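This is final08.txt. It holds compact mmCIF, C-alpha atoms and all ligand atoms.
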```txt
# COMPACT_ATOMS: atom_id res chain seq x y z
CA MET A 1 -106.42 -58.81 352.60
CA PRO A 2 -109.35 -56.98 354.24
CA VAL A 3 -112.77 -57.19 352.60
CA ILE A 4 -114.82 -53.98 352.81
CA VAL A 5 -118.60 -54.16 352.52
CA ASN A 6 -120.61 -51.05 351.62
CA GLU A 7 -123.82 -51.45 353.61
CA LYS A 8 -125.59 -48.90 351.41
CA ASP A 9 -125.66 -51.07 348.27
CA GLY A 10 -124.37 -54.43 349.55
CA SER A 11 -121.28 -54.29 347.31
CA SER A 12 -117.86 -55.41 348.56
CA PHE A 13 -114.24 -55.03 347.53
CA VAL A 14 -110.80 -56.12 348.68
CA GLN A 15 -108.26 -53.67 350.08
CA ALA A 16 -104.80 -54.56 348.78
CA ASP A 17 -101.65 -53.81 350.81
CA GLY A 18 -100.93 -50.10 350.98
CA ASP A 19 -104.31 -49.05 349.59
CA THR A 20 -106.70 -46.63 351.22
CA ILE A 21 -110.40 -47.48 351.21
CA LEU A 22 -110.95 -45.06 348.30
CA ARG A 23 -108.14 -46.46 346.17
CA ALA A 24 -109.25 -50.05 346.89
CA ALA A 25 -112.83 -49.21 345.90
CA LEU A 26 -111.85 -47.47 342.65
CA ARG A 27 -109.23 -50.08 341.75
CA SER A 28 -111.87 -52.78 341.95
CA GLY A 29 -114.33 -50.82 339.82
CA HIS A 30 -116.59 -49.44 342.57
CA GLY A 31 -117.82 -45.92 342.00
CA MET A 32 -117.09 -44.46 345.46
CA ALA A 33 -117.69 -40.71 345.27
CA TYR A 34 -114.44 -38.70 345.26
CA GLU A 35 -112.67 -35.73 343.76
CA CYS A 36 -109.19 -34.76 344.97
CA SER A 37 -107.88 -38.00 346.61
CA ALA A 38 -105.72 -35.70 348.76
CA GLY A 39 -107.75 -35.05 351.92
CA GLY A 40 -108.94 -31.62 350.81
CA CYS A 41 -112.44 -31.83 349.30
CA GLY A 42 -114.37 -34.22 351.57
CA ALA A 43 -116.19 -35.90 348.67
CA CYS A 44 -115.10 -39.42 349.75
CA VAL A 45 -116.47 -39.13 353.29
CA PHE A 46 -117.96 -42.38 354.67
CA ASP A 47 -119.56 -43.70 357.85
CA PRO A 48 -117.69 -46.54 359.53
CA VAL A 49 -120.19 -49.22 360.63
CA SER A 50 -117.96 -51.99 361.99
CA GLY A 51 -114.29 -52.98 362.00
CA ASP A 52 -111.07 -51.15 362.89
CA PHE A 53 -109.66 -48.30 360.83
CA GLU A 54 -106.35 -46.48 360.62
CA THR A 55 -106.39 -42.74 359.84
CA LEU A 56 -103.44 -41.64 357.72
CA TRP A 57 -103.83 -37.86 358.09
CA ALA A 58 -105.81 -36.96 361.21
CA ASP A 59 -105.93 -33.22 360.45
CA ALA A 60 -107.10 -33.55 356.83
CA PRO A 61 -109.16 -30.41 356.10
CA GLY A 62 -111.71 -32.33 354.01
CA LEU A 63 -113.51 -33.45 357.19
CA SER A 64 -115.83 -30.76 358.55
CA PRO A 65 -116.30 -30.32 362.33
CA ARG A 66 -119.77 -31.88 361.87
CA ASP A 67 -118.27 -34.92 360.08
CA ARG A 68 -115.78 -35.32 362.94
CA ARG A 69 -118.54 -35.10 365.57
CA LYS A 70 -120.44 -37.83 363.71
CA GLY A 71 -117.33 -40.06 363.54
CA ARG A 72 -117.11 -39.90 359.74
CA MET A 73 -113.88 -40.64 357.90
CA LEU A 74 -112.28 -39.82 354.55
CA GLY A 75 -111.91 -42.74 352.15
CA CYS A 76 -108.69 -41.24 350.76
CA GLN A 77 -107.08 -40.97 354.23
CA THR A 78 -108.28 -44.22 355.85
CA ARG A 79 -107.28 -47.87 355.78
CA ALA A 80 -109.26 -50.76 357.18
CA CYS A 81 -107.15 -52.89 359.58
CA GLY A 82 -109.25 -56.00 358.83
CA ASP A 83 -112.66 -56.87 357.36
CA ALA A 84 -114.96 -53.88 357.75
CA VAL A 85 -118.41 -52.52 356.96
CA ILE A 86 -118.92 -48.91 355.84
CA ARG A 87 -121.69 -46.73 354.40
CA CYS A 88 -120.70 -44.54 351.46
CA SER A 89 -122.20 -42.91 348.37
CA THR A 90 -121.49 -44.51 345.01
CA SER A 91 -122.37 -43.69 341.43
CA VAL A 92 -121.43 -45.04 338.01
CA ASP A 93 -120.02 -41.56 337.31
CA TYR A 94 -117.09 -42.40 339.61
CA VAL A 95 -116.27 -45.84 338.22
CA PRO A 96 -112.78 -45.38 336.72
CA PRO A 97 -112.87 -45.61 332.91
CA ILE A 98 -109.28 -46.92 333.12
CA ALA A 99 -108.40 -49.05 336.17
CA PRO A 100 -105.83 -47.20 338.30
CA ARG A 101 -102.62 -49.10 339.02
CA ARG A 102 -99.40 -48.58 340.89
CA ARG A 103 -96.12 -48.22 339.02
CA ARG A 104 -92.61 -46.79 339.29
CA LEU A 105 -91.82 -43.73 337.18
CA ARG A 106 -88.32 -42.52 336.27
CA LEU A 107 -87.61 -38.83 335.69
CA ILE A 108 -86.35 -38.42 332.12
CA GLY A 109 -86.50 -34.65 331.60
CA THR A 110 -87.63 -31.24 332.83
CA ARG A 111 -88.37 -27.89 331.19
CA GLN A 112 -88.99 -24.53 332.85
CA VAL A 113 -92.45 -23.26 331.76
CA THR A 114 -92.64 -20.01 333.75
CA HIS A 115 -90.52 -18.59 336.58
CA ASP A 116 -92.25 -20.99 339.04
CA MET A 117 -93.78 -23.74 336.86
CA ARG A 118 -91.80 -26.64 335.48
CA GLU A 119 -92.69 -29.55 333.23
CA PHE A 120 -91.58 -32.93 334.64
CA ARG A 121 -91.41 -35.84 332.20
CA PHE A 122 -91.39 -39.38 333.57
CA SER A 123 -91.15 -42.75 331.92
CA GLY A 124 -92.64 -46.04 333.13
CA ASP A 125 -93.03 -49.60 331.94
CA GLY A 126 -95.78 -50.23 329.39
CA PRO A 127 -98.02 -47.69 327.69
CA ALA A 128 -99.19 -44.54 329.48
CA ASP A 129 -102.92 -45.10 329.59
CA PHE A 130 -105.15 -42.28 330.82
CA LEU A 131 -107.79 -39.82 329.61
CA PRO A 132 -106.94 -36.17 328.88
CA GLY A 133 -107.48 -34.16 332.09
CA GLN A 134 -106.96 -36.99 334.59
CA TYR A 135 -104.36 -37.03 337.35
CA MET A 136 -101.86 -39.31 339.07
CA LEU A 137 -101.01 -39.66 342.76
CA LEU A 138 -97.26 -39.31 343.22
CA ASP A 139 -95.27 -40.55 346.22
CA LEU A 140 -92.13 -38.54 346.76
CA PRO A 141 -89.24 -39.62 348.98
CA GLY A 142 -89.55 -38.31 352.55
CA VAL A 143 -92.99 -36.71 351.96
CA ALA A 144 -95.95 -37.84 354.09
CA GLY A 145 -98.98 -38.63 351.91
CA SER A 146 -99.35 -38.72 348.13
CA ARG A 147 -99.82 -35.59 346.02
CA ALA A 148 -102.16 -35.33 343.03
CA TYR A 149 -100.69 -33.99 339.76
CA SER A 150 -102.63 -33.67 336.52
CA PHE A 151 -101.21 -34.95 333.26
CA SER A 152 -100.23 -32.31 330.73
CA ASN A 153 -99.74 -34.76 327.86
CA ILE A 154 -102.02 -37.43 326.43
CA ALA A 155 -101.98 -41.23 326.48
CA ASN A 156 -99.07 -42.71 324.53
CA ALA A 157 -97.51 -46.07 323.72
CA GLN A 158 -94.01 -44.97 324.79
CA GLY A 159 -95.04 -44.85 328.46
CA GLU A 160 -94.37 -41.12 329.03
CA TRP A 161 -96.20 -39.29 331.81
CA HIS A 162 -95.86 -35.49 331.76
CA PHE A 163 -96.83 -33.03 334.49
CA ILE A 164 -96.61 -29.24 334.85
CA ILE A 165 -96.06 -28.34 338.48
CA ARG A 166 -95.89 -25.00 340.29
CA ARG A 167 -93.39 -24.57 343.09
CA VAL A 168 -95.21 -23.85 346.37
CA ASP A 169 -93.27 -21.87 348.99
CA GLY A 170 -92.59 -24.24 351.90
CA GLY A 171 -94.42 -27.10 350.11
CA ALA A 172 -93.09 -30.54 351.03
CA ALA A 173 -93.62 -32.31 347.69
CA THR A 174 -92.70 -29.43 345.41
CA GLN A 175 -89.47 -28.89 347.35
CA VAL A 176 -88.46 -32.49 346.58
CA LEU A 177 -89.57 -32.21 342.96
CA PHE A 178 -87.81 -28.92 342.25
CA ASP A 179 -84.69 -29.20 344.42
CA GLU A 180 -83.90 -32.87 345.01
CA LEU A 181 -85.22 -35.07 342.21
CA ARG A 182 -82.60 -35.68 339.51
CA ILE A 183 -82.82 -37.24 336.04
CA GLY A 184 -82.90 -41.02 336.48
CA HIS A 185 -84.47 -40.93 339.97
CA GLU A 186 -87.57 -43.08 340.48
CA ILE A 187 -90.76 -42.30 342.35
CA GLY A 188 -93.95 -44.20 343.18
CA ALA A 189 -97.12 -43.37 341.24
CA ASP A 190 -100.72 -44.54 341.25
CA GLY A 191 -103.41 -43.72 338.72
CA PRO A 192 -105.05 -42.56 336.60
CA TYR A 193 -107.70 -40.91 338.79
CA GLY A 194 -110.13 -38.05 338.25
CA THR A 195 -113.46 -37.45 336.58
CA ALA A 196 -112.74 -34.08 334.87
CA TYR A 197 -111.59 -35.73 331.64
CA LEU A 198 -112.35 -34.80 328.04
CA ARG A 199 -115.84 -35.84 326.93
CA SER A 200 -114.94 -36.67 323.35
CA ARG A 201 -118.52 -37.61 322.45
CA SER A 202 -119.92 -34.21 323.44
CA PRO A 203 -120.99 -32.26 320.34
CA ARG A 204 -120.61 -28.93 322.19
CA ASP A 205 -117.81 -26.38 321.79
CA ILE A 206 -115.17 -26.62 324.50
CA VAL A 207 -114.43 -24.00 327.17
CA CYS A 208 -111.35 -24.49 329.36
CA VAL A 209 -110.44 -22.27 332.29
CA ALA A 210 -107.15 -22.64 334.13
CA GLY A 211 -105.86 -20.87 337.19
CA GLY A 212 -102.04 -21.12 337.50
CA SER A 213 -100.93 -24.75 337.35
CA GLY A 214 -104.49 -25.66 336.28
CA PHE A 215 -102.78 -25.15 332.91
CA ALA A 216 -101.58 -28.80 333.06
CA PRO A 217 -104.94 -30.62 332.73
CA VAL A 218 -106.31 -27.98 330.37
CA LEU A 219 -103.34 -28.50 328.06
CA SER A 220 -103.95 -32.26 328.23
CA ILE A 221 -107.64 -31.75 327.37
CA LEU A 222 -106.84 -29.46 324.43
CA ARG A 223 -104.12 -31.83 323.24
CA GLY A 224 -106.63 -34.68 323.49
CA ALA A 225 -109.25 -32.70 321.57
CA ALA A 226 -106.71 -31.93 318.82
CA ALA A 227 -105.52 -35.55 318.65
CA GLU A 228 -109.11 -36.80 318.32
CA GLY A 229 -109.81 -34.34 315.51
CA MET A 230 -112.39 -32.49 317.62
CA LEU A 231 -111.01 -29.02 316.80
CA GLY A 232 -112.54 -27.70 313.64
CA GLU A 233 -115.93 -29.35 314.10
CA ARG A 234 -115.98 -27.67 317.50
CA ARG A 235 -114.38 -24.46 318.68
CA ALA A 236 -112.19 -24.36 321.78
CA HIS A 237 -111.91 -21.37 324.10
CA PHE A 238 -109.14 -21.26 326.70
CA LEU A 239 -109.20 -18.63 329.44
CA PHE A 240 -106.03 -18.61 331.52
CA GLY A 241 -106.06 -16.83 334.87
CA ALA A 242 -102.63 -15.61 335.98
CA ARG A 243 -101.75 -13.49 339.00
CA HIS A 244 -99.17 -11.39 337.13
CA VAL A 245 -97.95 -11.05 333.55
CA ARG A 246 -94.89 -13.20 334.29
CA ASP A 247 -97.21 -16.10 335.27
CA ILE A 248 -98.79 -16.35 331.80
CA CYS A 249 -97.86 -19.31 329.64
CA GLY A 250 -99.48 -21.46 326.98
CA ALA A 251 -99.16 -19.54 323.71
CA ALA A 252 -96.29 -21.73 322.45
CA GLU A 253 -98.00 -25.02 323.35
CA LEU A 254 -101.31 -23.90 321.80
CA ALA A 255 -99.62 -22.80 318.57
CA GLU A 256 -98.39 -26.38 318.13
CA LEU A 257 -101.86 -27.91 318.47
CA PRO A 258 -103.30 -29.00 315.10
CA GLY A 259 -106.49 -27.00 314.56
CA PHE A 260 -106.18 -24.62 317.52
CA VAL A 261 -105.02 -21.62 315.50
CA GLU A 262 -108.13 -21.89 313.29
CA ALA A 263 -110.67 -23.17 315.83
CA GLY A 264 -109.34 -21.84 319.11
CA GLN A 265 -109.33 -18.72 321.21
CA PHE A 266 -106.74 -18.00 323.94
CA VAL A 267 -107.64 -15.33 326.51
CA PRO A 268 -105.00 -14.71 329.17
CA VAL A 269 -106.38 -12.73 332.12
CA VAL A 270 -104.07 -11.09 334.65
CA THR A 271 -105.45 -10.48 338.15
CA ALA A 272 -103.27 -7.37 338.49
CA PRO A 273 -99.99 -6.58 336.73
CA ALA A 274 -97.03 -6.49 339.13
CA GLN A 275 -95.09 -3.25 339.56
CA GLY A 276 -93.21 -2.51 336.34
CA GLU A 277 -95.21 -4.97 334.20
CA VAL A 278 -96.88 -3.68 331.05
CA TRP A 279 -100.19 -5.37 330.17
CA ALA A 280 -102.77 -4.39 327.58
CA GLY A 281 -104.92 -7.55 327.87
CA ALA A 282 -107.80 -8.60 330.11
CA GLU A 283 -107.55 -7.84 333.83
CA GLY A 284 -109.32 -9.03 336.97
CA TYR A 285 -110.62 -12.47 337.94
CA VAL A 286 -110.72 -14.96 335.09
CA HIS A 287 -114.34 -16.07 335.67
CA ALA A 288 -115.54 -12.48 335.19
CA HIS A 289 -114.42 -12.71 331.54
CA LEU A 290 -116.33 -15.88 330.67
CA GLY A 291 -119.55 -14.12 329.69
CA THR A 292 -117.79 -11.53 327.50
CA SER A 293 -115.35 -13.95 325.82
CA LEU A 294 -117.90 -16.50 324.61
CA PRO A 295 -120.11 -15.71 321.63
CA ARG A 296 -123.03 -18.01 322.54
CA PRO A 297 -125.14 -18.58 325.69
CA LEU A 298 -123.00 -20.36 328.28
CA ALA A 299 -125.43 -23.29 328.58
CA GLU A 300 -124.39 -24.37 325.05
CA TYR A 301 -120.77 -25.25 325.99
CA GLU A 302 -118.89 -28.12 327.64
CA PHE A 303 -116.81 -26.66 330.49
CA TYR A 304 -113.50 -27.88 331.94
CA PHE A 305 -111.67 -25.99 334.67
CA ALA A 306 -108.85 -26.54 337.13
CA GLY A 307 -107.01 -24.48 339.69
CA PRO A 308 -107.46 -22.94 343.13
CA PRO A 309 -110.71 -23.85 344.98
CA PRO A 310 -111.97 -20.22 345.17
CA MET A 311 -111.69 -19.86 341.38
CA SER A 312 -113.56 -23.10 340.95
CA GLN A 313 -116.28 -22.00 343.35
CA ALA A 314 -116.73 -18.68 341.49
CA ILE A 315 -116.99 -20.44 338.11
CA GLN A 316 -119.43 -23.05 339.41
CA GLU A 317 -121.72 -20.36 340.83
CA LEU A 318 -121.55 -18.31 337.65
CA LEU A 319 -122.32 -21.28 335.41
CA MET A 320 -124.92 -23.07 337.48
CA ILE A 321 -126.76 -20.23 339.20
CA GLU A 322 -126.47 -17.30 336.79
CA HIS A 323 -126.35 -19.16 333.47
CA LYS A 324 -128.19 -22.42 334.27
CA VAL A 325 -125.52 -24.60 332.68
CA PRO A 326 -126.47 -28.25 333.33
CA PHE A 327 -124.10 -29.87 335.88
CA ALA A 328 -123.40 -32.72 333.42
CA GLN A 329 -121.60 -30.17 331.18
CA ILE A 330 -119.28 -28.99 333.98
CA HIS A 331 -116.04 -30.88 334.74
CA PHE A 332 -113.46 -29.56 337.20
CA ASP A 333 -110.61 -30.33 339.57
CA ARG A 334 -109.90 -28.18 342.58
CA PHE A 335 -106.19 -28.10 343.41
CA PHE A 336 -106.12 -28.50 347.20
C1 LIG B 1 -106.78 -33.30 341.61
C2 LIG B 1 -105.56 -32.41 341.83
C3 LIG B 1 -104.72 -32.15 340.76
C4 LIG B 1 -103.61 -31.33 340.94
N1 LIG B 1 -102.81 -31.06 339.85
C5 LIG B 1 -101.76 -30.24 340.00
C6 LIG B 1 -100.94 -29.90 338.86
O1 LIG B 1 -101.16 -30.37 337.75
N2 LIG B 1 -99.89 -29.05 339.06
C7 LIG B 1 -99.62 -28.52 340.30
O2 LIG B 1 -98.66 -27.74 340.42
N3 LIG B 1 -100.38 -28.82 341.37
C8 LIG B 1 -101.42 -29.67 341.26
N4 LIG B 1 -102.17 -29.99 342.38
C9 LIG B 1 -101.74 -29.51 343.71
C10 LIG B 1 -100.71 -30.50 344.30
O3 LIG B 1 -101.34 -31.75 344.55
C11 LIG B 1 -100.10 -30.03 345.64
O4 LIG B 1 -101.11 -29.66 346.54
C12 LIG B 1 -99.13 -28.87 345.47
O5 LIG B 1 -98.09 -29.21 344.56
C13 LIG B 1 -98.49 -28.50 346.81
O6 LIG B 1 -97.88 -29.64 347.35
P1 LIG B 1 -96.70 -29.50 348.43
O7 LIG B 1 -96.48 -30.82 349.07
O8 LIG B 1 -95.53 -28.83 347.84
O9 LIG B 1 -97.34 -28.50 349.51
P2 LIG B 1 -97.87 -28.87 350.98
O10 LIG B 1 -98.43 -27.60 351.50
O11 LIG B 1 -96.79 -29.53 351.77
O12 LIG B 1 -99.01 -29.93 350.74
C14 LIG B 1 -100.17 -29.57 349.97
C15 LIG B 1 -101.22 -30.63 349.91
O13 LIG B 1 -100.75 -31.94 350.15
C16 LIG B 1 -101.70 -32.70 350.88
N5 LIG B 1 -101.10 -33.10 352.18
C17 LIG B 1 -100.38 -32.33 353.02
N6 LIG B 1 -99.97 -33.05 354.09
C18 LIG B 1 -100.43 -34.30 353.91
C19 LIG B 1 -100.36 -35.50 354.67
N7 LIG B 1 -99.71 -35.59 355.83
N8 LIG B 1 -100.95 -36.60 354.18
C20 LIG B 1 -101.61 -36.55 353.02
N9 LIG B 1 -101.73 -35.45 352.26
C21 LIG B 1 -101.15 -34.33 352.70
C22 LIG B 1 -102.89 -31.81 351.04
O14 LIG B 1 -103.82 -32.05 350.01
C23 LIG B 1 -102.30 -30.45 350.94
O15 LIG B 1 -103.23 -29.47 350.51
C24 LIG B 1 -103.30 -30.79 342.22
C25 LIG B 1 -104.15 -31.08 343.30
C26 LIG B 1 -105.26 -31.88 343.12
C27 LIG B 1 -106.16 -32.18 344.30
```

Let me see whether you can do it: turn the structure in this file into structure tokens.
Amino acid sequence: MPVIVNEKDGSSFVQADGDTILRAALRSGHGMAYECSAGGCGACVFDPVSGDFETLWADAPGLSPRDRRKGRMLGCQTRACGDAVIRCSTSVDYVPPIAPRRRRLRLIGTRQVTHDMREFRFSGDGPADFLPGQYMLLDLPGVAGSRAYSFSNIANAQGEWHFIIRRVDGGAATQVLFDELRIGHEIGADGPYGTAYLRSRSPRDIVCVAGGSGFAPVLSILRGAAAEGMLGERRAHFLFGARHVRDICGAAELAELPGFVEAGQFVPVVTAPAQGEVWAGAEGYVHAHLGTSLPRPLAEYEFYFAGPPPMSQAIQELLMIEHKVPFAQIHFDRFF
């Protein structure tokens, strides 16, 4: 198995069969910088120093034209073909709190959540061990590359892994998930990954913002907060950005969360009602309602958000530039 040396800090790790450089690094406890694991964000970019490399997705959008000119590569889309030396950024913040591992998951149930979002429940051997808000990389039959899906449930001894997934028109993975996968079918999975997990030691009130299927990790975070008895001592505010009224969901799941009715606030925001829809609630972009929905200065909260990259960008700018929220209080996943 190839040994990869990171010239920047002298550390080394082994790349097991089938692993990318990023997965090998994280699996062996190295904090290689990353975010999406899906070729979209560019956070895991590295400089190859010596050795041969195989690129899995040559057109991955996470590499900028400048990166390409400089010969840089994405850790999540590259394998070393033998021993290799690289230069990449690392930090303890990226060391996985739970070592990711590969497993087979069997589909045991589905439930329609909205007209285009469905909950998929899988079962695997052993306990389901992950932190609220993390994600798994799923390998679907006939689909090139893995896809990241956030957990919507919380860790459990029964070995159940739940996801809430939105159907994407023309999307390769979602077509298999929605139209071809049947109860009892098995898929490959690797995880948990992700750094936007619940900070249960934070004393601050929680603010969650979801855009569309960003509902999945936010639900996991709120479920985690409820299970750890955090609601009550802390308040939780959940702003849900939906394109139209028919895209809103969450009220039923939140009503079941111990403590949310007393300590929580749910603010659905509709970008613009579709023709014929009646809506008396908040309208516009979800981030525009953060300032008005929260009773205290924004710098006093712990923020979690997930959804489309433009939503994430708008929230980051609002929090960091306008409201000076420390970066350590901001946790997010962009759904590339
Ligand atoms: C951290 C994270 C968490 C996410 N969580 C959720 C969630 O909880 N629910 C949800 O509905 N969606 C989630 N997504 C989005 C999801 O991963 C998919 O992008 C989405 O379902 C569309 O997939 P598709 O294959 O149907 O569409 P496609 O358009 O076929 O593919 C979309 C994405 O797949 C990747 N991709 C495409 N081609 C390749 C290739 N050849 N090799 C490798 N990768 C490729 C790219 O990242 C691309 O943006 C998440 C994304 C990320 C990054």

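Taking atom CA of A:Phe163 as the reference point, atom CA of A:Gly250 is found at 14.0 Å.
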
Practice item. Enumerate as a count of residues only the residues within 7 Å of ligand LIG 1 (chain B), counting all atoms listed in the file. Key: 38

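Among the candidate residues A:Val113, A:Leu137, A:Ala280, A:Ala84, the one lying nearest to A:Asp190 is A:Leu137, with distances computed using all atoms listed in the file.
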
Point to revise | Nearby residues (all atoms listed in the file) at most 7 Å from stretch 220-228 of chain A, same-chain spacing under 5 positions excluded, as a PyMOL selection string | key: chain A and resi 132-133+151-154+198+257-259

Point to revise | One-decimal distance in Å that lies between atom CA of A:Thr292 and atom CA of A:Thr114 | key: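 Computing it gives 27.3 Å between the two atoms.
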
If you take every atom of stretch 258-276 of chain A that the file lists and fit an axis-aligned box around them with 3 Å extra on each side, what centre and edge lengths come out in Å to one decimal, as AutoDock Vina command-line options?
```
--center_x -101.9 --center_y -15.8 --center_z 326.4 --size_x 23.5 --size_y 32.5 --size_z 32.3
```

Check your understanding: Closest to A:Met73 among A:Pro297, A:Gly188, A:Pro310, A:Pro48, using all atoms listed in the file?
Key ->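 Among the listed residues, the smallest separation from A:Met73 belongs to A:Pro48.
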
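Proximity ranking of A:Gly42, A:Glu253, A:Arg101, A:Pro127 relative to A:Pro65 places A:Gly42 first, based on only C-alpha atoms.
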
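Checking A:Ala314, A:Ala43, A:Val85, A:Leu298 one by one against A:Pro326, counting only C-alpha atoms, you find the shortest gap at A:Leu298.
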
Exercise for review: Tell me, as a list in words, which residues lie within 7 Å of stretch 3-8 of chain A, counting all atoms listed in the file; anything in the same chain fewer than 4 positions away does not count.
Suggested key: Ser12, Phe13, Val14, Gln15, Asp83, Ala84, Val85, Ile86, Arg87 and Cys88 of chain A

Exercise for review: Counting all atoms listed in the file, find the residues whose atoms lie at most 12 Å from (-117.8, -14.2, 329.2) (file coordinates) and write them out as a ChimeraX atom specification.
Suggested key: /A:207,209,237-239,267,269,282,285-299,301,315,318-319,322-323

Write the selection just made, keeping C-alpha atoms, as an mmCIF file, in the frame of the given file?
```cif
data_model
loop_
_atom_site.group_PDB
_atom_site.id
_atom_site.type_symbol
_atom_site.label_atom_id
_atom_site.label_comp_id
_atom_site.auth_asym_id
_atom_site.auth_seq_id
_atom_site.Cartn_x
_atom_site.Cartn_y
_atom_site.Cartn_z
ATOM 1 C CA VAL A 207 -114.430 -24.000 327.170
ATOM 2 C CA VAL A 209 -110.440 -22.270 332.290
ATOM 3 C CA HIS A 237 -111.910 -21.370 324.100
ATOM 4 C CA PHE A 238 -109.140 -21.260 326.700
ATOM 5 C CA LEU A 239 -109.200 -18.630 329.440
ATOM 6 C CA VAL A 267 -107.640 -15.330 326.510
ATOM 7 C CA VAL A 269 -106.380 -12.730 332.120
ATOM 8 C CA ALA A 282 -107.800 -8.600 330.110
ATOM 9 C CA TYR A 285 -110.620 -12.470 337.940
ATOM 10 C CA VAL A 286 -110.720 -14.960 335.090
ATOM 11 C CA HIS A 287 -114.340 -16.070 335.670
ATOM 12 C CA ALA A 288 -115.540 -12.480 335.190
ATOM 13 C CA HIS A 289 -114.420 -12.710 331.540
ATOM 14 C CA LEU A 290 -116.330 -15.880 330.670
ATOM 15 C CA GLY A 291 -119.550 -14.120 329.690
ATOM 16 C CA THR A 292 -117.790 -11.530 327.500
ATOM 17 C CA SER A 293 -115.350 -13.950 325.820
ATOM 18 C CA LEU A 294 -117.900 -16.500 324.610
ATOM 19 C CA PRO A 295 -120.110 -15.710 321.630
ATOM 20 C CA ARG A 296 -123.030 -18.010 322.540
ATOM 21 C CA PRO A 297 -125.140 -18.580 325.690
ATOM 22 C CA LEU A 298 -123.000 -20.360 328.280
ATOM 23 C CA ALA A 299 -125.430 -23.290 328.580
ATOM 24 C CA TYR A 301 -120.770 -25.250 325.990
ATOM 25 C CA ILE A 315 -116.990 -20.440 338.110
ATOM 26 C CA LEU A 318 -121.550 -18.310 337.650
ATOM 27 C CA LEU A 319 -122.320 -21.280 335.410
ATOM 28 C CA GLU A 322 -126.470 -17.300 336.790
ATOM 29 C CA HIS A 323 -126.350 -19.160 333.470
#
```

**Study point:** Near-stretch 93-96 of chain A list (8 Å; only C-alpha atoms; drop same-chain fewer than 6 positions) as a PyMOL selection string
**Key:** chain A and resi 26-27+29-34+193-195

Point to revise | Test item: residues at most 9 Å from A:Phe130, all atoms listed in the file, excluding those fewer than 6 positions along its chain, as a PyMOL selection string | key: chain A and resi 97-98+100+151+154-156+191-193

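Within the 7 Å cut-off around A:Ile108, using all atoms listed in the file and omitting residues fewer than 4 positions from it on the same chain, the listed residues are A:Arg121, A:Phe122, A:Ser123, A:Ile183, A:Gly184.
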
Output file for the selection above: C-alpha atoms, as an mmCIF file, in the coordinates of the input:
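The resulting file, again06.cif, is shown below:
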```cif
data_model
loop_
_atom_site.group_PDB
_atom_site.id
_atom_site.type_symbol
_atom_site.label_atom_id
_atom_site.label_comp_id
_atom_site.auth_asym_id
_atom_site.auth_seq_id
_atom_site.Cartn_x
_atom_site.Cartn_y
_atom_site.Cartn_z
ATOM 1 C CA ARG A 121 -91.410 -35.840 332.200
ATOM 2 C CA PHE A 122 -91.390 -39.380 333.570
ATOM 3 C CA SER A 123 -91.150 -42.750 331.920
ATOM 4 C CA ILE A 183 -82.820 -37.240 336.040
ATOM 5 C CA GLY A 184 -82.900 -41.020 336.480
#
```

Practice item. Please work out which residues fall within 6 Å of (-112.8, -26.2, 318.8), coordinates as given in the file, with all atoms listed in the file counting, and return them as a VMD selection string. Key: chain A and resid 205 231 to 232 234 to 236 263 to 264

Export C-alpha atoms of the chosen residues as a CSV table (one decimal), in the frame of the given file?
```csv
chain,number,residue,atom,x,y,z
A,205,ASP,CA,-117.8,-26.4,321.8
A,231,LEU,CA,-111.0,-29.0,316.8
A,232,GLY,CA,-112.5,-27.7,313.6
A,234,ARG,CA,-116.0,-27.7,317.5
A,235,ARG,CA,-114.4,-24.5,318.7
A,236,ALA,CA,-112.2,-24.4,321.8
A,263,ALA,CA,-110.7,-23.2,315.8
A,264,GLY,CA,-109.3,-21.8,319.1
```

Practice item. Have a look at atom CA of A:Arg243 and atom CA of A:Pro268 and let me know their distance in Å, one decimal. Key: 10.4 Å

Exercise for review: Find, counting only C-alpha atoms, the residue in A:Arg246, A:Arg199, A:Arg204, A:His162 that gets nearest to A:Leu105.
Suggested key: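 Nearest to A:Leu105: A:His162.
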
**Study point:** Nearest-residue call for A:Ala328, choices A:Ala196, A:Ile187, A:Phe260, A:Asp19, using all atoms listed in the file
**Key:**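 Of A:Ala196, A:Ile187, A:Phe260, A:Asp19, the one nearest A:Ala328, counting all atoms listed in the file, is A:Ala196.
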